[in-house]
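Asker: Let me begin by handing over the structure; questions about it come next.
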Amino acid sequence: MRLTVNGREHELSTPPLETLLNALREELGITSPKAGCQQGGCGACTVLVDGEPRRSCLTPLVAVDGATVTTAEALGAPGKLSPVQAAFYEQYGLQCGFCTPGFVVATTALLERSPHPDRGQILEELAGHVCRCTGYVKIVAAVQAAAAGEVSESALEAGATGPSRQEPEVLVPGSPA
Amino acid sequence: MTNLTEVLAPTSPEDAAAAFGDGSGLTVVAGGTIVMPEIKLGRLRPERALYLGRAGLEGIERSDGTVRIGAATPVAALVEGAPEPLATFAAHVGDREVRSQGTLGGNLCAPPAETFSRGDLQAPLLALGARVRSAGSGGERTDSIDDFLAAGPDGRLVLVLEVDEPARAATAAVRRPHAHAYTILAVAVAETAGGLRVAIAGAGPRAVRATAVEQALAGGASPADAAQSALDGVNPQDDALASGNYRRQVLPGLVARALGDLS
């Protein structure tokens, strides 16, 4: 199976009927797609497949052979967030953050399709990501801010003072990274 | 287990039918929305799998009042492109991403889950009197949706569904608000050259026709009176989404509402 993930081409050894989610997390170490319910219900595993949001936990690898996959990691970087990421940061559009990569990825796709969604459309299109924390007022505010371009420079630069990606990562086996 | 699975990925309907054979020992994967969690949970351990995503079974074609829908057409495509009442039912399946992945054929053939029914699109297909083109032992054949559902999908690979554009159609549903809104009971009504048909989703493990209601209407009963027959031959069960008793209380009114919206 060949797959371009976040701009890099990979030849994967994960079997074809294994999930895209497992291939991303276990073989490639890309951990923004979360293994939540693993039944398609929570939306935390959502990634872009050829630009369209897909549940990676429901997607067999055979279905994405030759496809281009984009995860939240490739939307921006610490200190250089995408407008959607920055809007979620600035509007406090998250609590525990587990659902956030899915929301950010789905919002990015939503604004590509429909740059100025109304509130009803936002609620309908992001319904598959609704989680537990009740923080939806701020999530909707974040989507609206991103759509309106109301994102501050400091938000776009958020995370710049955080740990550098050059530092060695400490991986704890089995941890929900 | 999945690393032992041989996966066939045919690139034409003919190759898909040939690879399917009589279907024995084969797990069919299209959108994956139902089958992948089953595999993940260890309830399904495929030895061989047939992936349909590249088999050319997608698409909606119209000609002379007939609509042909490929079995691997995503549910999302039905929302815009299918006739009523199928389009409205499709719009309420899962959520945006799930509708983009799940397919019409998969929804039709989905076995009921342990704690709830699946296959919400069976009801509008029943109401429309769909014809099911499938391959399997003995070659290709076309069955009425009624016969197909009665026999079950085992041993058949659905290729195309064909429906006639209805003269009139209506839907009514009870949605249960949750993190996602689940449809616990829904009614599909459609009038085609074959007559007026009424079908119910959520009143059993599979969708059923309300034949007593249809007969009452054909006999000249008013929609409100005909709807009182909604429970004749229909026996809603308890499941994780609602009790059978609640469904029995609600169903006649729901049928009346759908019939009322029709005229």
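Within each chain, counting starts at residue 1; across the structure tokens, chains are named A, B, ... in the order shown, with ligands numbered 1 upward in that order.
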Give the residues of chain B that lie within 12 Å of chain A; count only C-alpha atoms, and format the answer as a compact mmCIF listing (two decimals) with C-alpha atoms, in the first residue's frame.
Answerer:
# COMPACT_ATOMS: atom_id res chain seq x y z
CA MET B 1 -6.43 -11.66 12.34
CA THR B 2 -6.63 -9.15 9.57
CA ASN B 3 -3.04 -9.75 8.50
CA LEU B 4 -4.09 -13.22 7.38
CA THR B 5 -6.86 -11.82 5.23
CA GLU B 6 -6.58 -12.00 1.47
CA VAL B 7 -8.12 -8.82 0.02
CA LEU B 8 -9.46 -8.76 -3.53
CA ALA B 9 -9.97 -5.33 -5.10
CA PRO B 10 -11.66 -5.81 -8.50
CA THR B 27 -16.51 -10.65 3.53
CA VAL B 28 -17.68 -7.76 1.35
CA VAL B 29 -16.21 -4.35 2.22
CA ALA B 30 -17.45 -1.19 0.54
CA GLY B 31 -17.53 1.96 2.72
CA GLY B 32 -16.39 -0.03 5.75
CA THR B 33 -18.62 1.86 8.17
CA ILE B 34 -20.29 -1.28 9.49
CA VAL B 35 -17.79 -3.99 8.71
CA MET B 36 -14.63 -2.31 10.04
CA PRO B 37 -15.88 -1.94 13.65
CA GLU B 38 -17.05 -5.56 13.51
CA ILE B 39 -13.53 -6.60 12.56
CA LYS B 40 -12.01 -4.28 15.16
CA LEU B 41 -14.20 -5.75 17.89
CA ARG B 45 -12.69 -12.48 11.32
CA PRO B 46 -12.58 -12.47 7.52
CA GLU B 47 -10.47 -15.07 5.77
CA ARG B 48 -11.02 -13.37 2.41
CA ALA B 49 -12.39 -9.93 1.72
CA LEU B 50 -13.78 -8.30 -1.41
CA TYR B 51 -13.22 -4.54 -1.52
CA LEU B 52 -15.73 -2.81 -3.82
CA GLY B 53 -14.46 0.77 -3.79
CA ARG B 54 -12.77 0.46 -7.18
CA ALA B 55 -15.28 -1.88 -8.83
CA ALA B 91 -29.83 12.72 4.87
CA HIS B 92 -30.44 11.34 8.35
CA VAL B 93 -27.96 8.45 8.26
CA GLY B 94 -25.03 8.92 10.63
CA ASP B 95 -23.20 12.19 10.12
CA ARG B 96 -21.49 13.93 7.22
CA GLU B 97 -18.35 11.82 7.21
CA VAL B 98 -20.18 8.54 7.73
CA ARG B 99 -22.59 9.38 4.88
CA SER B 100 -19.58 10.05 2.65
CA GLN B 101 -18.19 6.58 3.36
CA GLY B 102 -21.19 4.32 3.88
CA PRO B 177 -31.72 13.79 20.44
CA HIS B 178 -28.38 12.55 21.70
CA ALA B 179 -24.77 13.49 20.97
CA HIS B 180 -26.01 12.29 17.59
CA ALA B 181 -29.73 12.23 16.89
CA TYR B 182 -30.85 8.64 16.36
Asker: Near Leu12 in chain A, counting only C-alpha atoms, which residues have an atom at most 9 Å away, once you skip same-chain residues fewer than 2 positions from it, shown as a list in words?
Answerer: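 Near neighbours after the sequence-gap exclusion: Met1, Arg2, Leu3, His10, Thr14, Pro15, Ala23, Glu27 and Leu28 of chain A.
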Asker: Neighbours of range 240-257 of chain B within 6 Å (only C-alpha atoms; same-chain residues fewer than 6 positions away dropped), as a VMD selection string?
Answerer: chain B and resid 115 to 116 224 227 to 228 230
Asker: For CA of Gly136 in chain B and CA of Val158 in chain B, quote the distance in Å rounded to one decimal.
Answerer: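 Between these atoms lies a distance of 8.9 Å.
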Asker: Near range 61-65 of chain B, counting only C-alpha atoms, which residues have an atom at most 10 Å away, once you skip same-chain residues fewer than 6 positions from it, shown as a list of chain:residue names?
Answerer: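 Near range 61-65 of chain B, the qualifying residues are B:Gly81, B:Ala82, B:Glu162, B:Val163, B:Asp164, B:Glu165, B:Pro166.
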Asker: In range 42-172 of chain B, what's helix (DSSP H, G or I) per DSSP? Answer as a PDB file with N, CA and C atoms, in the first residue's frame?
Answerer:
ATOM      1  N   VAL B  75     -23.847   7.074   0.591  1.00  0.00           N
ATOM      2  CA  VAL B  75     -25.130   7.577   1.085  1.00  0.00           C
ATOM      3  C   VAL B  75     -25.235   9.082   0.855  1.00  0.00           C
ATOM      4  N   ALA B  76     -24.101   9.799   0.977  1.00  0.00           N
ATOM      5  CA  ALA B  76     -24.116  11.261   0.795  1.00  0.00           C
ATOM      6  C   ALA B  76     -24.600  11.633  -0.609  1.00  0.00           C
ATOM      7  N   ALA B  77     -24.272  10.824  -1.599  1.00  0.00           N
ATOM      8  CA  ALA B  77     -24.681  11.138  -2.973  1.00  0.00           C
ATOM      9  C   ALA B  77     -26.186  10.980  -3.155  1.00  0.00           C
ATOM     10  N   LEU B  78     -26.815  10.170  -2.294  1.00  0.00           N
ATOM     11  CA  LEU B  78     -28.265   9.971  -2.388  1.00  0.00           C
ATOM     12  C   LEU B  78     -29.026  11.195  -1.913  1.00  0.00           C
ATOM     13  N   VAL B  79     -28.405  11.938  -0.983  1.00  0.00           N
ATOM     14  CA  VAL B  79     -29.089  13.105  -0.406  1.00  0.00           C
ATOM     15  C   VAL B  79     -29.446  14.091  -1.516  1.00  0.00           C
ATOM     16  N   GLU B  80     -28.519  14.294  -2.438  1.00  0.00           N
ATOM     17  CA  GLU B  80     -28.754  15.222  -3.545  1.00  0.00           C
ATOM     18  C   GLU B  80     -29.393  14.529  -4.747  1.00  0.00           C
ATOM     19  N   GLY B  81     -29.011  13.265  -4.976  1.00  0.00           N
ATOM     20  CA  GLY B  81     -29.298  12.678  -6.280  1.00  0.00           C
ATOM     21  C   GLY B  81     -30.372  11.615  -6.358  1.00  0.00           C
ATOM     22  N   LEU B  86     -36.182   8.322  -0.540  1.00  0.00           N
ATOM     23  CA  LEU B  86     -34.828   7.826  -0.264  1.00  0.00           C
ATOM     24  C   LEU B  86     -33.884   8.961   0.146  1.00  0.00           C
ATOM     25  N   ALA B  87     -34.020  10.122  -0.507  1.00  0.00           N
ATOM     26  CA  ALA B  87     -33.091  11.219  -0.235  1.00  0.00           C
ATOM     27  C   ALA B  87     -33.204  11.701   1.211  1.00  0.00           C
ATOM     28  N   THR B  88     -34.436  11.847   1.689  1.00  0.00           N
ATOM     29  CA  THR B  88     -34.614  12.325   3.072  1.00  0.00           C
ATOM     30  C   THR B  88     -34.084  11.317   4.077  1.00  0.00           C
ATOM     31  N   PHE B  89     -34.350  10.042   3.838  1.00  0.00           N
ATOM     32  CA  PHE B  89     -33.803   9.019   4.741  1.00  0.00           C
ATOM     33  C   PHE B  89     -32.273   9.057   4.716  1.00  0.00           C
ATOM     34  N   ALA B  90     -31.686   9.200   3.526  1.00  0.00           N
ATOM     35  CA  ALA B  90     -30.227   9.221   3.410  1.00  0.00           C
ATOM     36  C   ALA B  90     -29.639  10.391   4.190  1.00  0.00           C
ATOM     37  N   ALA B  91     -30.345  11.526   4.188  1.00  0.00           N
ATOM     38  CA  ALA B  91     -29.834  12.720   4.865  1.00  0.00           C
ATOM     39  C   ALA B  91     -29.732  12.530   6.373  1.00  0.00           C
ATOM     40  N   ARG B  96     -22.028  13.605   8.533  1.00  0.00           N
ATOM     41  CA  ARG B  96     -21.495  13.926   7.217  1.00  0.00           C
ATOM     42  C   ARG B  96     -20.413  12.946   6.751  1.00  0.00           C
ATOM     43  N   GLU B  97     -19.447  12.689   7.618  1.00  0.00           N
ATOM     44  CA  GLU B  97     -18.345  11.819   7.214  1.00  0.00           C
ATOM     45  C   GLU B  97     -18.822  10.387   6.989  1.00  0.00           C
ATOM     46  N   VAL B  98     -19.691   9.915   7.871  1.00  0.00           N
ATOM     47  CA  VAL B  98     -20.185   8.540   7.734  1.00  0.00           C
ATOM     48  C   VAL B  98     -21.006   8.395   6.448  1.00  0.00           C
ATOM     49  N   ARG B  99     -21.813   9.423   6.131  1.00  0.00           N
ATOM     50  CA  ARG B  99     -22.585   9.381   4.883  1.00  0.00           C
ATOM     51  C   ARG B  99     -21.668   9.378   3.656  1.00  0.00           C
ATOM     52  N   SER B 100     -20.508  10.027   3.779  1.00  0.00           N
ATOM     53  CA  SER B 100     -19.575  10.054   2.651  1.00  0.00           C
ATOM     54  C   SER B 100     -18.933   8.698   2.425  1.00  0.00           C
ATOM     55  N   GLN B 101     -18.870   7.869   3.462  1.00  0.00           N
ATOM     56  CA  GLN B 101     -18.194   6.579   3.360  1.00  0.00           C
ATOM     57  C   GLN B 101     -19.170   5.430   3.159  1.00  0.00           C
ATOM     58  N   LEU B 104     -25.026   2.647  -0.287  1.00  0.00           N
ATOM     59  CA  LEU B 104     -26.404   2.171  -0.376  1.00  0.00           C
ATOM     60  C   LEU B 104     -26.470   0.648  -0.227  1.00  0.00           C
ATOM     61  N   GLY B 105     -25.591  -0.049  -0.939  1.00  0.00           N
ATOM     62  CA  GLY B 105     -25.602  -1.511  -0.883  1.00  0.00           C
ATOM     63  C   GLY B 105     -25.274  -2.025   0.509  1.00  0.00           C
ATOM     64  N   GLY B 106     -24.315  -1.394   1.149  1.00  0.00           N
ATOM     65  CA  GLY B 106     -23.948  -1.798   2.507  1.00  0.00           C
ATOM     66  C   GLY B 106     -25.091  -1.585   3.475  1.00  0.00           C
ATOM     67  N   ASN B 107     -25.780  -0.461   3.310  1.00  0.00           N
ATOM     68  CA  ASN B 107     -26.910  -0.167   4.179  1.00  0.00           C
ATOM     69  C   ASN B 107     -28.030  -1.182   3.967  1.00  0.00           C
ATOM     70  N   LEU B 108     -28.252  -1.549   2.698  1.00  0.00           N
ATOM     71  CA  LEU B 108     -29.300  -2.523   2.382  1.00  0.00           C
ATOM     72  C   LEU B 108     -28.989  -3.893   2.979  1.00  0.00           C
ATOM     73  N   CYS B 109     -27.717  -4.273   2.929  1.00  0.00           N
ATOM     74  CA  CYS B 109     -27.340  -5.635   3.324  1.00  0.00           C
ATOM     75  C   CYS B 109     -26.898  -5.746   4.786  1.00  0.00           C
ATOM     76  N   GLN B 122     -33.609   0.676   3.953  1.00  0.00           N
ATOM     77  CA  GLN B 122     -34.490  -0.398   3.493  1.00  0.00           C
ATOM     78  C   GLN B 122     -35.932   0.090   3.353  1.00  0.00           C
ATOM     79  N   ALA B 123     -36.357   0.950   4.283  1.00  0.00           N
ATOM     80  CA  ALA B 123     -37.762   1.396   4.259  1.00  0.00           C
ATOM     81  C   ALA B 123     -38.091   2.208   2.999  1.00  0.00           C
ATOM     82  N   PRO B 124     -37.311   3.242   2.656  1.00  0.00           N
ATOM     83  CA  PRO B 124     -37.641   3.946   1.413  1.00  0.00           C
ATOM     84  C   PRO B 124     -37.510   3.060   0.174  1.00  0.00           C
ATOM     85  N   LEU B 125     -36.577   2.102   0.190  1.00  0.00           N
ATOM     86  CA  LEU B 125     -36.470   1.192  -0.960  1.00  0.00           C
ATOM     87  C   LEU B 125     -37.714   0.314  -1.068  1.00  0.00           C
ATOM     88  N   LEU B 126     -38.240  -0.111   0.094  1.00  0.00           N
ATOM     89  CA  LEU B 126     -39.489  -0.883   0.091  1.00  0.00           C
ATOM     90  C   LEU B 126     -40.645  -0.029  -0.418  1.00  0.00           C
ATOM     91  N   ALA B 127     -40.704   1.223   0.056  1.00  0.00           N
ATOM     92  CA  ALA B 127     -41.808   2.100  -0.356  1.00  0.00           C
ATOM     93  C   ALA B 127     -41.763   2.351  -1.859  1.00  0.00           C
ATOM     94  N   ILE B 145     -37.408  -5.798  -4.060  1.00  0.00           N
ATOM     95  CA  ILE B 145     -36.806  -5.506  -2.755  1.00  0.00           C
ATOM     96  C   ILE B 145     -37.452  -6.364  -1.666  1.00  0.00           C
ATOM     97  N   ASP B 146     -38.749  -6.631  -1.809  1.00  0.00           N
ATOM     98  CA  ASP B 146     -39.439  -7.461  -0.818  1.00  0.00           C
ATOM     99  C   ASP B 146     -38.820  -8.859  -0.763  1.00  0.00           C
ATOM    100  N   ASP B 147     -38.634  -9.463  -1.954  1.00  0.00           N
ATOM    101  CA  ASP B 147     -38.052 -10.808  -2.004  1.00  0.00           C
ATOM    102  C   ASP B 147     -36.609 -10.797  -1.518  1.00  0.00           C
ATOM    103  N   PHE B 148     -35.869  -9.738  -1.903  1.00  0.00           N
ATOM    104  CA  PHE B 148     -34.466  -9.683  -1.519  1.00  0.00           C
ATOM    105  C   PHE B 148     -34.329  -9.620  -0.002  1.00  0.00           C
ATOM    106  N   LEU B 149     -35.136  -8.772   0.641  1.00  0.00           N
ATOM    107  CA  LEU B 149     -35.045  -8.642   2.098  1.00  0.00           C
ATOM    108  C   LEU B 149     -35.522  -9.916   2.789  1.00  0.00           C
ATOM    109  N   ALA B 150     -36.529 -10.552   2.226  1.00  0.00           N
ATOM    110  CA  ALA B 150     -37.054 -11.770   2.838  1.00  0.00           C
ATOM    111  C   ALA B 150     -36.010 -12.889   2.806  1.00  0.00           C
ATOM    112  N   ALA B 151     -35.286 -12.981   1.685  1.00  0.00           N
ATOM    113  CA  ALA B 151     -34.289 -14.056   1.551  1.00  0.00           C
ATOM    114  C   ALA B 151     -32.995 -13.711   2.274  1.00  0.00           C
TER     115      ALA B 151
END
Asker: May I have the residues within 12 Å of Lys80 in chain A as a list in words, using only C-alpha atoms and disregarding those fewer than 5 positions away in the same chain?
Answerer: Glu73, Ala74, Leu75, Gln85, Ala86, Glu153, Ser154, Ala155, Leu156, Glu157, Ala158, Gly159, Ala160, Thr161 and Gly162 of chain A
